[in-house]
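Trainee: What follows is target-v2.cif; its format and atoms are mmCIF, C-alpha atoms.
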data_protein
loop_
_atom_site.label_atom_id
_atom_site.label_comp_id
_atom_site.auth_asym_id
_atom_site.auth_seq_id
_atom_site.Cartn_x
_atom_site.Cartn_y
_atom_site.Cartn_z
CA MET A 538 107.62 85.32 123.66
CA THR A 539 108.21 84.19 127.25
CA ILE A 540 107.68 80.48 127.94
CA PRO A 541 106.81 79.57 131.56
CA GLN A 542 109.24 77.14 133.14
CA GLY A 543 108.84 74.45 135.78
CA ILE A 544 105.10 73.85 135.30
CA PRO A 545 104.24 70.68 137.27
CA ASN A 546 102.32 67.87 135.58
CA CYS A 547 102.58 69.53 132.15
CA PRO A 548 103.71 67.63 129.04
CA PRO A 549 107.05 69.01 127.80
CA GLY A 550 106.65 71.71 125.18
CA LEU A 551 103.11 72.68 126.20
CA GLU A 552 104.10 75.03 129.05
CA TYR A 553 103.14 78.10 127.03
CA LEU A 554 99.53 76.93 126.79
CA THR A 555 99.15 77.33 130.56
CA SER A 556 99.38 81.13 130.29
CA ILE A 557 96.99 81.87 127.40
CA ASP A 558 93.29 81.73 126.64
CA GLN A 559 93.37 82.29 122.89
CA LEU A 560 95.27 81.10 119.82
CA LEU A 561 95.23 82.03 116.14
CA VAL A 562 95.85 79.42 113.44
CA HIS A 563 96.77 80.44 109.90
CA GLN A 564 97.09 77.95 107.07
CA LYS A 565 99.89 78.56 104.58
CA VAL A 566 98.85 79.28 100.98
CA GLU A 567 100.22 76.60 98.64
CA LEU A 568 100.60 78.08 95.14
CA LEU A 569 100.74 74.69 93.40
CA GLU A 570 97.45 73.73 94.97
CA ALA A 571 95.84 77.12 94.30
CA PHE A 572 96.64 77.06 90.57
CA THR A 573 96.32 73.36 89.74
CA GLY A 574 94.03 71.86 92.39
CA PHE A 575 96.76 69.28 93.14
CA GLU A 576 96.42 68.54 96.86
CA THR A 577 99.55 69.28 98.89
CA ALA A 578 100.26 68.68 102.57
CA ASN A 579 98.70 71.32 104.80
CA LYS A 580 100.96 73.56 106.87
CA TYR A 581 99.84 75.90 109.64
CA THR A 582 101.28 78.56 111.89
CA VAL A 583 99.90 78.80 115.42
CA LYS A 584 100.21 82.32 116.90
CA ASN A 585 99.26 84.21 120.04
CA THR A 586 97.12 87.35 119.99
CA LEU A 587 100.23 89.50 119.45
CA GLY A 588 101.02 87.66 116.23
CA GLN A 589 104.03 85.86 117.72
CA LYS A 590 104.60 82.33 116.40
CA VAL A 591 104.04 79.70 119.06
CA TYR A 592 103.91 76.43 117.10
CA TRP A 593 104.08 75.08 113.56
CA ALA A 594 101.79 72.26 112.41
CA VAL A 595 102.65 70.06 109.43
CA GLU A 596 100.50 67.35 107.85
CA ASP A 597 102.29 64.03 107.33
CA THR A 598 100.57 62.13 104.49
CA ASP A 599 101.54 60.73 101.11
CA CYS A 600 100.55 62.16 97.75
CA CYS A 601 98.20 59.29 96.89
CA THR A 602 96.25 59.61 100.14
CA ARG A 603 95.81 63.38 99.76
CA ASN A 604 94.61 63.29 96.16
CA CYS A 605 92.47 60.13 96.35
CA CYS A 606 90.74 60.74 99.68
CA GLY A 607 90.59 64.55 99.57
CA PRO A 608 89.27 66.23 102.75
CA ALA A 609 88.23 62.84 104.20
CA ARG A 610 91.83 61.60 104.20
CA PRO A 611 93.43 60.08 107.27
CA PHE A 612 96.45 61.98 108.51
CA ASP A 613 99.15 62.36 111.09
CA MET A 614 99.98 65.92 112.03
CA LYS A 615 103.13 67.01 113.80
CA VAL A 616 103.10 70.15 115.94
CA LEU A 617 106.57 71.63 116.38
CA ASP A 618 107.83 74.22 118.84
CA TYR A 619 110.24 77.10 118.24
CA TYR A 620 113.19 74.67 118.31
CA GLN A 621 111.52 72.30 115.82
CA ASN A 622 110.86 69.67 118.50
CA GLU A 623 107.65 67.68 118.06
CA VAL A 624 105.56 68.51 121.14
CA LEU A 625 102.13 67.38 119.91
CA HIS A 626 100.93 64.67 117.55
CA PHE A 627 97.45 64.34 116.03
CA ASN A 628 96.21 61.16 114.38
CA ARG A 629 93.02 60.98 112.32
CA PRO A 630 92.04 57.52 111.01
CA LEU A 631 90.00 56.98 107.85
CA ARG A 632 86.34 57.11 108.88
CA CYS A 633 82.96 58.50 107.76
CA SER A 634 81.41 61.81 108.80
CA SER A 635 77.86 61.44 107.48
CA CYS A 636 74.97 60.86 109.89
CA CYS A 637 74.09 57.88 107.67
CA PHE A 638 77.00 55.95 109.24
CA PRO A 639 76.65 56.48 113.01
CA CYS A 640 78.99 53.61 113.93
CA CYS A 641 81.96 54.98 111.97
CA LEU A 642 82.12 58.72 112.74
CA GLN A 643 85.23 60.89 112.92
CA THR A 644 87.82 60.64 115.69
CA LEU A 645 91.15 62.31 116.36
CA GLU A 646 93.75 61.17 118.88
CA VAL A 647 96.01 63.69 120.61
CA SER A 648 99.43 62.71 121.99
CA ALA A 649 101.96 64.74 123.97
CA PRO A 650 104.73 63.83 123.79
CA PRO A 651 104.18 61.58 120.73
CA GLY A 652 103.08 58.14 121.87
CA ASN A 653 101.47 59.37 125.10
CA VAL A 654 97.73 59.89 124.51
CA ILE A 655 96.36 62.88 126.45
CA GLY A 656 92.92 63.19 124.86
CA THR A 657 90.61 62.42 121.97
CA VAL A 658 88.04 64.18 119.83
CA GLU A 659 84.98 62.12 118.87
CA GLN A 660 82.24 63.15 116.48
CA ASP A 661 78.75 62.65 117.95
CA TRP A 662 75.86 61.46 115.81
CA SER A 663 73.71 64.36 114.64
CA ILE A 664 71.51 65.03 111.63
CA PHE A 665 71.45 68.83 111.53
CA THR A 666 74.57 70.28 113.20
CA PRO A 667 78.20 69.20 113.83
CA GLN A 668 78.65 67.83 117.35
CA PHE A 669 81.87 66.65 118.99
CA SER A 670 82.95 65.39 122.39
CA ILE A 671 86.31 66.41 123.86
CA LYS A 672 87.55 63.56 126.05
CA ASP A 673 90.48 63.26 128.44
CA GLN A 674 93.03 60.45 128.55
CA SER A 675 90.62 58.33 130.61
CA GLY A 676 87.82 58.63 128.04
CA ASN A 677 85.70 61.01 130.11
CA THR A 678 83.87 63.80 128.27
CA VAL A 679 85.10 67.15 129.59
CA LEU A 680 83.77 69.52 126.90
CA ARG A 681 81.49 69.45 123.88
CA ILE A 682 81.64 71.28 120.55
CA GLU A 683 78.43 72.51 118.94
CA GLY A 684 78.60 73.74 115.35
CA PRO A 685 76.15 75.66 113.15
CA PHE A 686 73.63 74.11 110.75
CA CYS A 687 75.37 75.79 107.82
CA THR A 688 79.16 76.01 107.64
CA PHE A 689 79.34 78.17 104.50
CA SER A 690 81.68 81.10 105.21
CA ILE A 691 80.03 83.79 103.08
CA CYS A 692 81.63 87.10 104.08
CA GLY A 693 81.59 86.22 107.77
CA ASP A 694 82.98 84.02 110.53
CA VAL A 695 81.66 80.51 111.24
CA GLU A 696 81.56 79.71 114.95
CA PHE A 697 81.66 76.38 116.78
CA LYS A 698 80.76 76.75 120.45
CA VAL A 699 82.88 75.15 123.18
CA VAL A 700 80.41 74.02 125.83
CA ALA A 701 80.97 72.67 129.34
CA THR A 702 79.21 69.51 130.54
CA ASN A 703 76.63 71.71 132.35
CA GLY A 704 75.63 73.33 129.03
CA SER A 705 77.31 76.73 129.50
CA GLN A 706 79.48 78.14 126.73
CA VAL A 707 83.12 78.54 127.81
CA GLY A 708 84.80 79.27 124.50
CA LYS A 709 84.61 78.95 120.73
CA ILE A 710 86.42 77.83 117.61
CA SER A 711 85.97 80.35 114.80
CA LYS A 712 86.67 79.94 111.12
CA GLN A 713 87.49 83.55 110.24
CA TRP A 714 86.61 85.24 106.96
CA SER A 715 89.94 85.88 105.19
CA GLY A 716 88.86 87.80 102.10
CA PHE A 717 87.15 86.91 98.82
CA ALA A 718 90.23 85.90 96.82
CA ARG A 719 91.63 83.66 99.54
CA GLU A 720 88.24 82.06 100.21
CA ALA A 721 87.35 81.55 96.55
CA PHE A 722 90.62 80.28 95.12
CA THR A 723 92.39 78.50 97.99
CA ASP A 724 91.58 76.34 100.99
CA SER A 725 94.06 78.29 103.12
CA ASP A 726 91.98 79.19 106.16
CA HIS A 727 92.28 81.37 109.24
CA PHE A 728 90.98 80.17 112.61
CA GLY A 729 90.75 81.44 116.15
CA ILE A 730 90.18 79.46 119.34
CA ASN A 731 89.19 80.71 122.80
CA PHE A 732 89.12 78.71 126.03
CA PRO A 733 89.28 79.40 129.79
CA MET A 734 92.72 80.42 131.06
CA ASP A 735 92.63 77.82 133.85
CA LEU A 736 91.62 74.93 131.58
CA ASP A 737 93.82 71.83 131.85
CA VAL A 738 96.67 72.18 129.34
CA ARG A 739 95.89 68.72 127.95
CA VAL A 740 92.33 69.77 127.18
CA LYS A 741 93.60 72.95 125.51
CA ALA A 742 95.81 70.80 123.29
CA THR A 743 92.87 68.51 122.48
CA LEU A 744 90.78 71.54 121.52
CA LEU A 745 93.56 72.59 119.14
CA GLY A 746 93.36 69.13 117.58
CA CYS A 747 89.59 69.56 117.23
CA LEU A 748 90.22 72.80 115.32
CA PHE A 749 92.28 70.94 112.74
CA LEU A 750 89.66 68.17 112.45
CA ILE A 751 86.97 70.82 111.85
CA ASP A 752 89.11 72.42 109.14
CA TYR A 753 89.46 69.14 107.23
CA MET A 754 85.81 68.15 107.65
CA PHE A 755 84.13 71.44 106.71
CA PHE A 756 86.56 73.88 105.09
CA GLU A 757 89.09 71.82 103.15
CA LYS A 758 88.31 72.03 99.43
CA SER A 759 88.63 69.11 97.03
CA GLY A 760 90.32 70.25 93.83
CA ASN A 761 89.64 73.87 94.88
CA LYS A 762 85.89 73.15 94.78
CA GLU A 763 83.60 73.88 97.70
CA SER A 764 81.99 70.83 99.26
CA ASP A 765 80.15 72.49 102.14
CA ARG A 766 76.53 71.56 102.57
CA PRO A 767 73.86 72.19 105.22
CA GLY A 768 73.44 69.56 107.91
CA MET A 769 75.49 66.39 108.31
CA PHE A 770 74.37 64.31 105.31
#
With the file now loaded, output its structure as structure tokens.
Mentor:
Amino acid sequence: MTIPQGIPNCPPGLEYLTSIDQLLVHQKVELLEAFTGFETANKYTVKNTLGQKVYWAVEDTDCCTRNCCGPARPFDMKVLDYYQNEVLHFNRPLRCSSCCFPCCLQTLEVSAPPGNVIGTVEQDWSIFTPQFSIKDQSGNTVLRIEGPFCTFSICGDVEFKVVATNGSQVGKISKQWSGFAREAFTDSDHFGINFPMDLDVRVKATLLGCLFLIDYMFFEKSGNKESDRPGMF
């Protein structure tokens, strides 16, 4: 895997994102969690379309938070490069996701390098479908995410559209069907994300953070039990 060098105005460690328009994210199967339902820290591998590993993502939470709060838990997530340097940091505070609490919806803060905020993901109030705003470091909305009414992954992919401010679709985040056994007995998910090649690298990184937020909100099981439901109630 060749990493571009000398990219101006690019956070260190994110140079590779300037040369791609697609990423694959695979969550590691945790056997303890699969057999006992005991919630363990999520771990992910981020790959390019050739299957080469680009980044590793590791959830940083304590045991009590994971098992008491379940999929709604707050978390910090470290994204590491090939040399195990932390190049991205995601922070999700403890908030609601139901449309019944419009003043306390989900957010996720993206930093690169850690401590330097480059973007945020903010859940928009909606009754029927998941809606998110992708914002830059100045708080301006640069993209929106529009999800489906039903997020059940029954033998097929679940797609969240990436939409520009003019309403045109420019990409998507897909929760990919990974087989009956994996879907039924684990919460180890496969995702894909597409975006324009010339998109600002900071926005690409924020979209990656949105992918992880979507995983926790809609596809993370609690005690290996499905909690998906239609709409946003």
Trainee: Please report the interatomic distance between atom CA of A:Leu680 and atom CA of A:Asp726 in Å with one decimal.
Mentor: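 Taking atom CA of A:Leu680 as the start and atom CA of A:Asp726 as the end point, the length is 24.3 Å.
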Trainee: Calculate how many Å separate atom CA of A:Pro611 from atom CA of A:Val738, rounding to one decimal.
Mentor: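 Separation between atom CA of A:Pro611 and atom CA of A:Val738: 25.4 Å.
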Trainee: Just the number, please: distance in Å from atom CA of A:Asp661 to atom CA of A:Glu683, one decimal.
Mentor: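 The value is 9.9 Å.
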Trainee: For this structure, which residues satisfy the selection - the PyMOL selection byres ((chain A and resi 603-605) around 9) - when it is evaluated on the file as given? I want them as a ChimeraX atom specification.
Mentor: /A:575-578,598-602,606-612,759-760
Trainee: Which of these residues is nearest to A:Thr666, using all atoms listed in the file: A:Leu551, A:Cys687, A:Leu617, A:Leu631?
Mentor: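 Closest candidate: A:Cys687.
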Trainee: Using all atoms listed in the file, which protein or nucleic acid residues come within 7 Å of A:Pro650? Drop anything in the same chain fewer than 6 positions from it, and give the result as a PDB file with C-alpha atoms, in the coordinates of the input.
Mentor:
ATOM      1  CA  PRO A 548     103.710  67.630 129.040  1.00  0.00           C
ATOM      2  CA  PRO A 549     107.050  69.010 127.800  1.00  0.00           C
ATOM      3  CA  VAL A 624     105.560  68.510 121.140  1.00  0.00           C
ATOM      4  CA  LEU A 625     102.130  67.380 119.910  1.00  0.00           C
TER       5      LEU A 625
END
Trainee: So that I can see what lies close to A:Phe627, please list as a tab-separated table (two decimals) with C-alpha atoms, in the coordinates of the input the residues with an atom at most 6 Å from it, counting only C-alpha atoms and leaving out residues fewer than 6 positions away in the same chain.
Mentor:
chain	number	residue	atom	x	y	z
A	613	ASP	CA	99.15	62.36	111.09
A	614	MET	CA	99.98	65.92	112.03
A	646	GLU	CA	93.75	61.17	118.88
A	647	VAL	CA	96.01	63.69	120.61
Trainee: Got a sec: who's within 12 Å of A:Gly704, counting only C-alpha atoms, leaving out chain neighbours fewer than 5 positions off, as JSON, numbers by chain?
Mentor: {"A": [679, 680, 681, 682, 683, 698, 699]}
Trainee: Which residue out of A:Val616, A:Ile710, A:Ile751, A:Leu736 has the minimum interatomic distance to A:Leu560 when all atoms listed in the file are used?
Mentor: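 Checking each candidate against A:Leu560, we get A:Ile710 as the closest.
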Trainee: Name the residues that the PyMOL selection byres ((chain A and resi 584-594) around 6) picks from the file above, as a PyMOL selection string, using the file's chain letters and numbers.
Mentor: chain A and resi 560-561+580-583+595+615-618
Trainee: Looking at all atoms listed in the file, which of A:Asp737, A:Ser711, A:Lys758, A:Thr743 is the one that sits closest to A:Pro545?
Mentor: A:Asp737
Trainee: Could you check the closest approach to A:Gln643 for each of A:Pro667, A:Pro733, A:Gly543, A:Gly656 and tell me which residue wins, using all atoms listed in the file?
Mentor: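 Using all atoms listed in the file, the shortest distance to A:Gln643 belongs to A:Pro667.
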Trainee: Which is closer to A:Phe756 than all the others in A:Glu623, A:Val740, A:Asn731, A:Trp714, using only C-alpha atoms?
Mentor: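 Among the listed residues, A:Trp714 lies closest to A:Phe756.
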Trainee: Carefully work through the PyMOL selection byres ((chain A and resi 695) around 12) for this structure and note down the residues it includes, as a PDB file with C-alpha atoms, in the coordinates of the input.
Mentor:
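See part_23.pdb below for the written result:
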ATOM      1  CA  GLU A 683      78.430  72.510 118.940  1.00  0.00           C
ATOM      2  CA  GLY A 684      78.600  73.740 115.350  1.00  0.00           C
ATOM      3  CA  PRO A 685      76.150  75.660 113.150  1.00  0.00           C
ATOM      4  CA  PHE A 686      73.630  74.110 110.750  1.00  0.00           C
ATOM      5  CA  CYS A 687      75.370  75.790 107.820  1.00  0.00           C
ATOM      6  CA  THR A 688      79.160  76.010 107.640  1.00  0.00           C
ATOM      7  CA  PHE A 689      79.340  78.170 104.500  1.00  0.00           C
ATOM      8  CA  SER A 690      81.680  81.100 105.210  1.00  0.00           C
ATOM      9  CA  ILE A 691      80.030  83.790 103.080  1.00  0.00           C
ATOM     10  CA  CYS A 692      81.630  87.100 104.080  1.00  0.00           C
ATOM     11  CA  GLY A 693      81.590  86.220 107.770  1.00  0.00           C
ATOM     12  CA  ASP A 694      82.980  84.020 110.530  1.00  0.00           C
ATOM     13  CA  GLU A 696      81.560  79.710 114.950  1.00  0.00           C
ATOM     14  CA  PHE A 697      81.660  76.380 116.780  1.00  0.00           C
ATOM     15  CA  LYS A 698      80.760  76.750 120.450  1.00  0.00           C
ATOM     16  CA  LYS A 709      84.610  78.950 120.730  1.00  0.00           C
ATOM     17  CA  ILE A 710      86.420  77.830 117.610  1.00  0.00           C
ATOM     18  CA  SER A 711      85.970  80.350 114.800  1.00  0.00           C
ATOM     19  CA  LYS A 712      86.670  79.940 111.120  1.00  0.00           C
ATOM     20  CA  GLN A 713      87.490  83.550 110.240  1.00  0.00           C
ATOM     21  CA  TRP A 714      86.610  85.240 106.960  1.00  0.00           C
ATOM     22  CA  SER A 715      89.940  85.880 105.190  1.00  0.00           C
ATOM     23  CA  ASP A 726      91.980  79.190 106.160  1.00  0.00           C
ATOM     24  CA  HIS A 727      92.280  81.370 109.240  1.00  0.00           C
ATOM     25  CA  PHE A 728      90.980  80.170 112.610  1.00  0.00           C
ATOM     26  CA  GLY A 729      90.750  81.440 116.150  1.00  0.00           C
ATOM     27  CA  ILE A 730      90.180  79.460 119.340  1.00  0.00           C
ATOM     28  CA  ILE A 751      86.970  70.820 111.850  1.00  0.00           C
ATOM     29  CA  ASP A 752      89.110  72.420 109.140  1.00  0.00           C
ATOM     30  CA  PHE A 755      84.130  71.440 106.710  1.00  0.00           C
ATOM     31  CA  PHE A 756      86.560  73.880 105.090  1.00  0.00           C
TER      32      PHE A 756
END
